[in-house]
>>> print(open('target-v2.pdb').read())   # PDB, C-alpha atoms
ATOM      1  CA  MET A   1     335.375 209.948 127.554
ATOM      2  CA  SER A   2     331.637 209.318 127.642
ATOM      3  CA  VAL A   3     329.482 209.871 130.712
ATOM      4  CA  SER A   4     329.008 206.133 131.226
ATOM      5  CA  GLN A   5     332.741 205.509 131.132
ATOM      6  CA  SER A   6     333.662 208.360 133.449
ATOM      7  CA  SER A   7     331.014 207.348 135.993
ATOM      8  CA  ASN A   8     332.513 203.884 136.406
ATOM      9  CA  ASP A   9     336.173 204.733 136.937
ATOM     10  CA  CYS A  10     336.225 204.030 140.696
ATOM     11  CA  ILE A  11     334.134 202.218 143.284
ATOM     12  CA  TYR A  12     332.833 205.486 144.737
ATOM     13  CA  ASN A  13     331.332 206.522 141.416
ATOM     14  CA  LEU A  14     329.746 203.088 141.005
ATOM     15  CA  ILE A  15     328.094 203.347 144.426
ATOM     16  CA  SER A  16     327.041 206.927 143.712
ATOM     17  CA  GLN A  17     325.536 206.013 140.348
ATOM     18  CA  THR A  18     323.646 203.058 141.833
ATOM     19  CA  ALA A  19     322.322 205.227 144.668
ATOM     20  CA  GLN A  20     321.093 207.727 142.116
ATOM     21  CA  ASN A  21     319.366 205.107 139.969
ATOM     22  CA  PHE A  22     318.085 202.807 142.741
ATOM     23  CA  PRO A  23     318.092 204.856 145.976
ATOM     24  CA  ASN A  24     315.629 202.680 147.873
ATOM     25  CA  HIS A  25     316.874 199.266 146.754
ATOM     26  CA  LYS A  26     318.553 197.127 149.413
ATOM     27  CA  ALA A  27     322.326 197.345 149.309
ATOM     28  CA  ILE A  28     323.175 195.407 152.494
ATOM     29  CA  THR A  29     321.181 193.096 154.718
ATOM     30  CA  PHE A  30     322.761 192.325 158.085
ATOM     31  CA  ILE A  31     321.261 189.359 159.921
ATOM     32  CA  LYS A  32     321.458 190.087 163.641
ATOM     33  CA  ALA A  33     319.622 186.996 164.899
ATOM     34  CA  MET A  34     317.978 183.864 163.528
ATOM     35  CA  ALA A  35     316.298 182.676 166.726
ATOM     36  CA  PRO A  36     314.115 182.893 168.686
ATOM     37  CA  SER A  37     312.946 185.321 165.984
ATOM     38  CA  PHE A  38     314.539 186.587 162.796
ATOM     39  CA  LEU A  39     316.054 190.052 163.192
ATOM     40  CA  ASP A  40     317.887 192.005 160.518
ATOM     41  CA  ASP A  41     319.029 195.499 159.570
ATOM     42  CA  THR A  42     319.154 196.795 156.011
ATOM     43  CA  LEU A  43     320.899 199.654 154.254
ATOM     44  CA  THR A  44     319.540 201.053 151.024
ATOM     45  CA  TYR A  45     321.939 202.287 148.355
ATOM     46  CA  LYS A  46     321.096 205.852 149.356
ATOM     47  CA  GLN A  47     321.957 205.077 152.974
ATOM     48  CA  LEU A  48     325.143 203.258 151.949
ATOM     49  CA  LEU A  49     326.329 206.247 149.942
ATOM     50  CA  SER A  50     325.558 208.585 152.845
ATOM     51  CA  CYS A  51     327.566 206.351 155.180
ATOM     52  CA  VAL A  52     330.506 206.182 152.754
ATOM     53  CA  ASN A  53     330.490 209.990 152.419
ATOM     54  CA  GLN A  54     330.466 210.511 156.177
ATOM     55  CA  THR A  55     333.141 207.867 156.713
ATOM     56  CA  ALA A  56     335.422 209.300 154.034
ATOM     57  CA  ARG A  57     335.241 212.738 155.626
ATOM     58  CA  MET A  58     335.862 211.287 159.067
ATOM     59  CA  LEU A  59     338.908 209.327 157.912
ATOM     60  CA  ARG A  60     340.410 212.397 156.221
ATOM     61  CA  ASP A  61     339.812 214.420 159.368
ATOM     62  CA  GLN A  62     341.352 211.784 161.644
ATOM     63  CA  THR A  63     344.521 211.167 159.625
ATOM     64  CA  ASN A  64     347.488 213.462 159.222
ATOM     65  CA  THR A  65     349.651 212.131 156.407
ATOM     66  CA  GLU A  66     352.981 213.560 155.281
ATOM     67  CA  ASN A  67     353.877 214.893 151.838
ATOM     68  CA  GLY A  68     350.325 214.558 150.591
ATOM     69  CA  LYS A  69     350.516 210.754 150.690
ATOM     70  CA  PRO A  70     347.139 208.992 150.831
ATOM     71  CA  PRO A  71     346.298 207.759 154.322
ATOM     72  CA  VAL A  72     346.438 204.033 155.019
ATOM     73  CA  ILE A  73     343.415 202.802 156.952
ATOM     74  CA  SER A  74     343.867 199.392 158.559
ATOM     75  CA  PHE A  75     340.822 197.646 159.964
ATOM     76  CA  LEU A  76     340.065 194.478 161.874
ATOM     77  CA  LEU A  77     336.365 193.822 161.569
ATOM     78  CA  PRO A  78     333.885 190.997 161.137
ATOM     79  CA  ASN A  79     331.442 191.155 158.234
ATOM     80  CA  ILE A  80     329.243 193.938 159.634
ATOM     81  CA  PRO A  81     327.718 196.882 157.711
ATOM     82  CA  GLN A  82     330.330 199.274 159.102
ATOM     83  CA  ALA A  83     333.083 197.189 157.496
ATOM     84  CA  ASN A  84     331.618 197.846 154.047
ATOM     85  CA  CYS A  85     331.357 201.593 154.611
ATOM     86  CA  ILE A  86     334.924 201.733 155.939
ATOM     87  CA  LEU A  87     336.300 199.638 153.063
ATOM     88  CA  TRP A  88     334.720 201.733 150.304
ATOM     89  CA  ALA A  89     335.486 205.041 152.031
ATOM     90  CA  ALA A  90     339.102 204.045 152.678
ATOM     91  CA  GLU A  91     339.600 203.036 149.030
ATOM     92  CA  THR A  92     338.090 206.351 147.941
ATOM     93  CA  ILE A  93     340.221 208.778 149.963
ATOM     94  CA  GLY A  94     343.244 206.613 150.695
ATOM     95  CA  ILE A  95     344.415 203.017 150.863
ATOM     96  CA  ALA A  96     342.356 200.326 152.563
ATOM     97  CA  ASN A  97     344.184 197.645 154.532
ATOM     98  CA  PRO A  98     341.744 194.953 155.684
ATOM     99  CA  LEU A  99     343.398 192.518 158.072
ATOM    100  CA  ASN A 100     342.472 189.085 159.361
ATOM    101  CA  PRO A 101     341.483 189.626 163.029
ATOM    102  CA  LEU A 102     342.662 186.108 163.860
ATOM    103  CA  LEU A 103     346.317 186.916 163.114
ATOM    104  CA  SER A 104     348.709 187.229 166.021
ATOM    105  CA  GLU A 105     349.733 190.574 167.460
ATOM    106  CA  ASP A 106     353.231 190.178 165.976
ATOM    107  CA  ALA A 107     351.877 189.405 162.499
ATOM    108  CA  LEU A 108     349.464 192.351 162.627
ATOM    109  CA  CYS A 109     352.241 194.645 163.800
ATOM    110  CA  ALA A 110     354.534 193.601 160.945
ATOM    111  CA  LEU A 111     351.810 194.056 158.329
ATOM    112  CA  MET A 112     350.708 197.469 159.595
ATOM    113  CA  GLU A 113     354.271 198.710 159.914
ATOM    114  CA  LYS A 114     354.948 197.694 156.322
ATOM    115  CA  ALA A 115     351.704 199.295 155.140
ATOM    116  CA  GLY A 116     352.443 202.524 156.990
ATOM    117  CA  THR A 117     349.135 202.482 158.832
ATOM    118  CA  ASP A 118     347.778 205.922 159.742
ATOM    119  CA  ILE A 119     344.609 204.833 161.544
ATOM    120  CA  ILE A 120     343.140 201.575 162.864
ATOM    121  CA  VAL A 121     339.435 200.805 163.045
ATOM    122  CA  ALA A 122     338.562 197.705 165.053
ATOM    123  CA  LEU A 123     335.668 195.880 166.641
ATOM    124  CA  GLY A 124     335.249 197.271 170.136
ATOM    125  CA  PRO A 125     335.835 195.265 173.332
ATOM    126  CA  ASN A 126     334.042 191.934 173.180
ATOM    127  CA  PRO A 127     334.381 189.115 175.740
ATOM    128  CA  MET A 128     334.254 186.610 172.879
ATOM    129  CA  SER A 129     337.183 188.162 170.989
ATOM    130  CA  ASP A 130     340.600 189.747 171.531
ATOM    131  CA  ILE A 131     340.434 191.933 168.403
ATOM    132  CA  TRP A 132     340.264 195.175 170.359
ATOM    133  CA  GLN A 133     343.065 194.306 172.761
ATOM    134  CA  LYS A 134     345.359 193.316 169.881
ATOM    135  CA  SER A 135     344.535 196.491 167.937
ATOM    136  CA  VAL A 136     345.406 198.763 170.849
ATOM    137  CA  ALA A 137     348.592 196.817 171.597
ATOM    138  CA  VAL A 138     349.702 196.957 167.960
ATOM    139  CA  SER A 139     349.067 200.708 167.711
ATOM    140  CA  GLN A 140     351.406 201.278 170.630
ATOM    141  CA  ARG A 141     354.167 199.295 168.915
ATOM    142  CA  LEU A 142     353.991 201.015 165.523
ATOM    143  CA  ALA A 143     356.310 203.888 164.677
ATOM    144  CA  LYS A 144     353.427 206.173 163.696
ATOM    145  CA  ARG A 145     351.392 205.347 166.823
ATOM    146  CA  PRO A 146     348.152 205.367 164.790
ATOM    147  CA  LYS A 147     344.896 206.285 166.457
ATOM    148  CA  VAL A 148     342.536 203.382 167.210
ATOM    149  CA  ILE A 149     338.793 203.813 166.692
ATOM    150  CA  SER A 150     336.217 201.320 167.908
ATOM    151  CA  THR A 151     333.128 200.305 165.996
ATOM    152  CA  PHE A 152     329.961 198.319 166.752
ATOM    153  CA  ILE A 153     330.912 198.171 170.455
ATOM    154  CA  PRO A 154     332.120 201.369 172.228
ATOM    155  CA  ALA A 155     335.494 201.218 173.982
ATOM    156  CA  GLY A 156     334.962 203.944 176.561
ATOM    157  CA  LYS A 157     335.685 207.662 176.734
ATOM    158  CA  GLU A 158     339.381 207.200 175.946
ATOM    159  CA  PHE A 159     338.638 206.119 172.367
ATOM    160  CA  ASP A 160     336.499 207.577 169.600
ATOM    161  CA  HIS A 161     333.611 205.368 168.519
ATOM    162  CA  TYR A 162     333.078 205.205 164.755
ATOM    163  CA  ASP A 163     329.301 204.829 164.960
ATOM    164  CA  ASP A 164     329.066 208.104 166.899
ATOM    165  CA  VAL A 165     331.856 210.116 165.278
ATOM    166  CA  ILE A 166     330.614 209.829 161.677
ATOM    167  CA  LYS A 167     327.380 211.582 162.675
ATOM    168  CA  GLN A 168     329.418 214.775 162.978
ATOM    169  CA  PHE A 169     330.253 214.729 159.258
ATOM    170  CA  SER A 170     328.264 215.668 156.170
ATOM    171  CA  ASP A 171     326.801 212.967 153.955
ATOM    172  CA  GLU A 172     326.935 215.185 150.877
ATOM    173  CA  ASP A 173     328.753 213.909 147.781
ATOM    174  CA  LEU A 174     332.536 214.051 148.045
ATOM    175  CA  PRO A 175     334.521 216.696 146.139
ATOM    176  CA  GLN A 176     335.783 215.437 142.787
ATOM    177  CA  GLN A 177     339.397 216.209 143.728
ATOM    178  CA  TRP A 178     339.234 213.693 146.577
ATOM    179  CA  LEU A 179     338.426 210.785 144.286
ATOM    180  CA  PRO A 180     341.169 208.351 143.226
ATOM    181  CA  LYS A 181     342.757 208.146 139.810
ATOM    182  CA  ALA A 182     342.813 204.934 137.794
ATOM    183  CA  ASP A 183     346.442 204.138 138.696
ATOM    184  CA  ASP A 184     346.169 204.943 142.429
ATOM    185  CA  VAL A 185     346.639 202.112 144.918
ATOM    186  CA  ALA A 186     343.229 201.156 146.329
ATOM    187  CA  ALA A 187     344.162 198.533 148.914
ATOM    188  CA  TYR A 188     346.889 196.487 150.545
ATOM    189  CA  PHE A 189     345.923 192.847 151.107
ATOM    190  CA  HIS A 190     348.019 190.214 152.830
ATOM    191  CA  THR A 191     348.806 186.603 152.043
ATOM    192  CA  GLY A 192     347.366 183.847 154.178
ATOM    193  CA  GLY A 193     350.644 183.030 155.853
ATOM    194  CA  THR A 194     350.187 179.279 155.470
ATOM    195  CA  THR A 195     353.866 178.703 154.716
ATOM    196  CA  GLY A 196     355.319 181.540 156.767
ATOM    197  CA  THR A 197     354.642 185.013 158.119
ATOM    198  CA  PRO A 198     351.841 186.832 156.189
ATOM    199  CA  LYS A 199     353.116 189.432 153.733
ATOM    200  CA  LEU A 200     351.481 192.369 151.981
ATOM    201  CA  ALA A 201     350.420 191.649 148.428
TER
END
>>> encode(input="target-v2.pdb", output="structure tokens")
Amino acid sequence: MSVSQSSNDCIYNLISQTAQNFPNHKAITFIKAMAPSFLDDTLTYKQLLSCVNQTARMLRDQTNTENGKPPVISFLLPNIPQANCILWAAETIGIANPLNPLLSEDALCALMEKAGTDIIVALGPNPMSDIWQKSVAVSQRLAKRPKVISTFIPAGKEFDHYDDVIKQFSDEDLPQQWLPKADDVAAYFHTGGTTGTPKLA
């Protein structure tokens, strides 16, 4: 296999290659406000790769899977920069399970039970949303009792906060043995549920 082929065999290698070739190019622009003045945050490809590396290490550290099975990381997040880092990191070291935060508690519980969720990452407590409350309630109903981690908005001392916890982990490149193989499952997605209860696809 040539170098170009081997470097493109998973999303992590694509991000890594892009960060190497274009480290200071913008990877993500997050618009925080349009008025009264425009306010945005940006991540370069180098910063994105660093975040993915730290997140992957954090997720491995926080999950305890049986029989060497890849961990399933479920997350309920709006389109914020952290969601991208969590998605790519989860697909690299395990199985990503992005979920629609608008689904009911019962629907979320059924989907996460079926997926075998090992950890939940969710938007922290927000008076405009019940995402956090549903995530905590669902975790208590699941057989595995997965840990819930807040992001963007801290949830208090009782819960780890993603934005703080990842700082404890190295942003060095991940070991080759952690990377997925071509036939590994990358993600579990769910149907829209327009004609019935949402199901994993």
>>> resolve_selection(input="target-v2.pdb", expression="the PyMOL selection byres ((chain A and resi 13-19) around 12)", output="ChimeraX atom specification")
/A:3-12,20-27,43-53,84-85,88-89,91-92,171-176,178-181
>>> write_last_selection(input="target-v2.pdb", atoms="C-alpha atoms", output="mmCIF file, in the frame of the given file")
data_model
loop_
_atom_site.group_PDB
_atom_site.id
_atom_site.type_symbol
_atom_site.label_atom_id
_atom_site.label_comp_id
_atom_site.auth_asym_id
_atom_site.auth_seq_id
_atom_site.Cartn_x
_atom_site.Cartn_y
_atom_site.Cartn_z
ATOM 1 C CA VAL A 3 329.482 209.871 130.712
ATOM 2 C CA SER A 4 329.008 206.133 131.226
ATOM 3 C CA GLN A 5 332.741 205.509 131.132
ATOM 4 C CA SER A 6 333.662 208.360 133.449
ATOM 5 C CA SER A 7 331.014 207.348 135.993
ATOM 6 C CA ASN A 8 332.513 203.884 136.406
ATOM 7 C CA ASP A 9 336.173 204.733 136.937
ATOM 8 C CA CYS A 10 336.225 204.030 140.696
ATOM 9 C CA ILE A 11 334.134 202.218 143.284
ATOM 10 C CA TYR A 12 332.833 205.486 144.737
ATOM 11 C CA GLN A 20 321.093 207.727 142.116
ATOM 12 C CA ASN A 21 319.366 205.107 139.969
ATOM 13 C CA PHE A 22 318.085 202.807 142.741
ATOM 14 C CA PRO A 23 318.092 204.856 145.976
ATOM 15 C CA ASN A 24 315.629 202.680 147.873
ATOM 16 C CA HIS A 25 316.874 199.266 146.754
ATOM 17 C CA LYS A 26 318.553 197.127 149.413
ATOM 18 C CA ALA A 27 322.326 197.345 149.309
ATOM 19 C CA LEU A 43 320.899 199.654 154.254
ATOM 20 C CA THR A 44 319.540 201.053 151.024
ATOM 21 C CA TYR A 45 321.939 202.287 148.355
ATOM 22 C CA LYS A 46 321.096 205.852 149.356
ATOM 23 C CA GLN A 47 321.957 205.077 152.974
ATOM 24 C CA LEU A 48 325.143 203.258 151.949
ATOM 25 C CA LEU A 49 326.329 206.247 149.942
ATOM 26 C CA SER A 50 325.558 208.585 152.845
ATOM 27 C CA CYS A 51 327.566 206.351 155.180
ATOM 28 C CA VAL A 52 330.506 206.182 152.754
ATOM 29 C CA ASN A 53 330.490 209.990 152.419
ATOM 30 C CA ASN A 84 331.618 197.846 154.047
ATOM 31 C CA CYS A 85 331.357 201.593 154.611
ATOM 32 C CA TRP A 88 334.720 201.733 150.304
ATOM 33 C CA ALA A 89 335.486 205.041 152.031
ATOM 34 C CA GLU A 91 339.600 203.036 149.030
ATOM 35 C CA THR A 92 338.090 206.351 147.941
ATOM 36 C CA ASP A 171 326.801 212.967 153.955
ATOM 37 C CA GLU A 172 326.935 215.185 150.877
ATOM 38 C CA ASP A 173 328.753 213.909 147.781
ATOM 39 C CA LEU A 174 332.536 214.051 148.045
ATOM 40 C CA PRO A 175 334.521 216.696 146.139
ATOM 41 C CA GLN A 176 335.783 215.437 142.787
ATOM 42 C CA TRP A 178 339.234 213.693 146.577
ATOM 43 C CA LEU A 179 338.426 210.785 144.286
ATOM 44 C CA PRO A 180 341.169 208.351 143.226
ATOM 45 C CA LYS A 181 342.757 208.146 139.810
#
>>> closest_residue(input="target-v2.pdb", among="A:Leu142, A:Cys109, A:Phe75, A:Ile80", to="Asn97 in chain A", atoms="all atoms listed in the file")
A:Phe75
>>> resolve_selection(input="target-v2.pdb", expression="the PyMOL selection byres ((chain A and resi 166) around 12)", output="NGL selection string")
:A and (50-62 or 82 or 85-86 or 89 or 149-151 or 160-165 or 167-171)
>>> atom_distance(input="target-v2.pdb", atom1="CA of Val121 in chain A", atom2="CA of Leu102 in chain A")
15.1 Å
>>> atom_distance(input="target-v2.pdb", atom1="CA of Asp41 in chain A", atom2="CA of Ala187 in chain A")
27.5 Å
>>> residues_near_point(input="target-v2.pdb", point="(347.9, 191.4, 165.6)", cutoff="10 Å", atoms="only C-alpha atoms", output="list in words")
Leu76, Leu99, Asn100, Pro101, Leu102, Leu103, Ser104, Glu105, Asp106, Ala107, Leu108, Cys109, Ala110, Leu111, Met112, Asp130, Ile131, Trp132, Gln133, Lys134, Ser135, Val136, Ala137, Val138 and Ser139 of chain A
>>> atom_distance(input="target-v2.pdb", atom1="CA of Thr197 in chain A", atom2="CA of Gly116 in chain A")
17.7 Å
>>> residues_around(input="target-v2.pdb", residues="Pro70 in chain A", least_positions_apart="6", cutoff="8 Å", atoms="all atoms listed in the file", output="JSON, numbers by chain")
{"A": [93, 94, 95]}
>>> closest_residue(input="target-v2.pdb", among="A:Ala201, A:Ala96, A:Ala182, A:Leu87", to="Ile73 in chain A", atoms="only C-alpha atoms")
A:Ala96
>>> closest_residue(input="target-v2.pdb", among="A:Asp118, A:Glu113, A:Asp183, A:Glu158", to="Lys69 in chain A", atoms="all atoms listed in the file")
A:Asp118
>>> closest_residue(input="target-v2.pdb", among="A:Thr191, A:Ile28, A:Phe38, A:Ile120", to="Phe159 in chain A", atoms="only C-alpha atoms")
A:Ile120
>>> closest_residue(input="target-v2.pdb", among="A:Pro81, A:Pro146, A:Pro36, A:Pro98", to="Leu200 in chain A", atoms="all atoms listed in the file")
A:Pro98
>>> decode(input="target-v2.pdb", residues="range 100-111 of chain A", atoms="all heavy atoms", output="tab-separated table (two decimals), in the first residue's frame")
chain	number	residue	atom	x	y	z
A	100	ASN	N	-30.05	12.97	18.67
A	100	ASN	CA	-30.85	14.19	18.56
A	100	ASN	C	-31.28	14.63	19.97
A	100	ASN	O	-32.05	13.93	20.62
A	100	ASN	CB	-32.07	13.93	17.69
A	100	ASN	CG	-32.93	15.16	17.49
A	100	ASN	OD1	-32.73	16.19	18.11
A	100	ASN	ND2	-33.91	15.05	16.60
A	101	PRO	N	-30.80	15.79	20.44
A	101	PRO	CA	-31.15	16.23	21.80
A	101	PRO	C	-32.63	16.49	22.00
A	101	PRO	O	-33.09	16.59	23.14
A	101	PRO	CB	-30.35	17.52	21.97
A	101	PRO	CG	-29.28	17.47	20.93
A	101	PRO	CD	-29.88	16.72	19.78
A	102	LEU	N	-33.39	16.60	20.91
A	102	LEU	CA	-34.81	16.89	21.03
A	102	LEU	C	-35.65	15.64	21.28
A	102	LEU	O	-36.85	15.74	21.56
A	102	LEU	CB	-35.32	17.60	19.77
A	102	LEU	CG	-34.67	18.96	19.47
A	102	LEU	CD1	-35.25	19.55	18.19
A	102	LEU	CD2	-34.84	19.92	20.64
A	103	LEU	N	-35.04	14.45	21.17
A	103	LEU	CA	-35.79	13.22	21.43
A	103	LEU	C	-36.21	13.14	22.88
A	103	LEU	O	-35.60	13.74	23.77
A	103	LEU	CB	-34.93	12.00	21.07
A	103	LEU	CG	-34.63	11.77	19.59
A	103	LEU	CD1	-33.68	10.59	19.42
A	103	LEU	CD2	-35.91	11.53	18.80
A	104	SER	N	-37.25	12.37	23.13
A	104	SER	CA	-37.74	12.21	24.50
A	104	SER	C	-36.78	11.37	25.32
A	104	SER	O	-35.92	10.65	24.78
A	104	SER	CB	-39.11	11.52	24.49
A	104	SER	OG	-38.98	10.16	24.07
A	105	GLU	N	-36.94	11.43	26.62
A	105	GLU	CA	-36.11	10.63	27.52
A	105	GLU	C	-36.25	9.14	27.21
A	105	GLU	O	-35.27	8.40	27.18
A	105	GLU	CB	-36.48	10.92	28.97
A	105	GLU	CG	-35.65	10.14	29.99
A	105	GLU	CD	-36.09	10.41	31.41
A	105	GLU	OE1	-36.41	11.57	31.73
A	105	GLU	OE2	-36.13	9.45	32.21
A	106	ASP	N	-37.48	8.69	26.96
A	106	ASP	CA	-37.70	7.27	26.67
A	106	ASP	C	-37.00	6.85	25.38
A	106	ASP	O	-36.40	5.77	25.32
A	106	ASP	CB	-39.20	6.98	26.56
A	106	ASP	CG	-39.90	6.98	27.91
A	106	ASP	OD1	-39.21	6.90	28.95
A	106	ASP	OD2	-41.14	7.06	27.93
A	107	ALA	N	-37.09	7.69	24.35
A	107	ALA	CA	-36.45	7.36	23.08
A	107	ALA	C	-34.94	7.32	23.23
A	107	ALA	O	-34.27	6.42	22.72
A	107	ALA	CB	-36.85	8.37	22.01
A	108	LEU	N	-34.37	8.29	23.95
A	108	LEU	CA	-32.93	8.32	24.17
A	108	LEU	C	-32.48	7.10	24.97
A	108	LEU	O	-31.44	6.51	24.67
A	108	LEU	CB	-32.55	9.61	24.92
A	108	LEU	CG	-32.68	10.91	24.12
A	108	LEU	CD1	-32.52	12.11	25.05
A	108	LEU	CD2	-31.64	10.96	23.00
A	109	CYS	N	-33.26	6.73	25.95
A	109	CYS	CA	-32.93	5.57	26.77
A	109	CYS	C	-32.90	4.30	25.93
A	109	CYS	O	-31.98	3.49	26.03
A	109	CYS	CB	-33.94	5.44	27.91
A	109	CYS	SG	-33.51	4.18	29.13
A	110	ALA	N	-33.90	4.12	25.07
A	110	ALA	CA	-33.97	2.93	24.23
A	110	ALA	C	-32.78	2.88	23.26
A	110	ALA	O	-32.18	1.82	23.06
A	110	ALA	CB	-35.28	2.93	23.45
A	111	LEU	N	-32.44	4.01	22.67
A	111	LEU	CA	-31.33	4.05	21.72
A	111	LEU	C	-29.99	3.78	22.39
A	111	LEU	O	-29.16	3.03	21.87
A	111	LEU	CB	-31.30	5.41	21.01
A	111	LEU	CG	-32.42	5.67	20.00
A	111	LEU	CD1	-32.44	7.15	19.61
A	111	LEU	CD2	-32.25	4.80	18.77
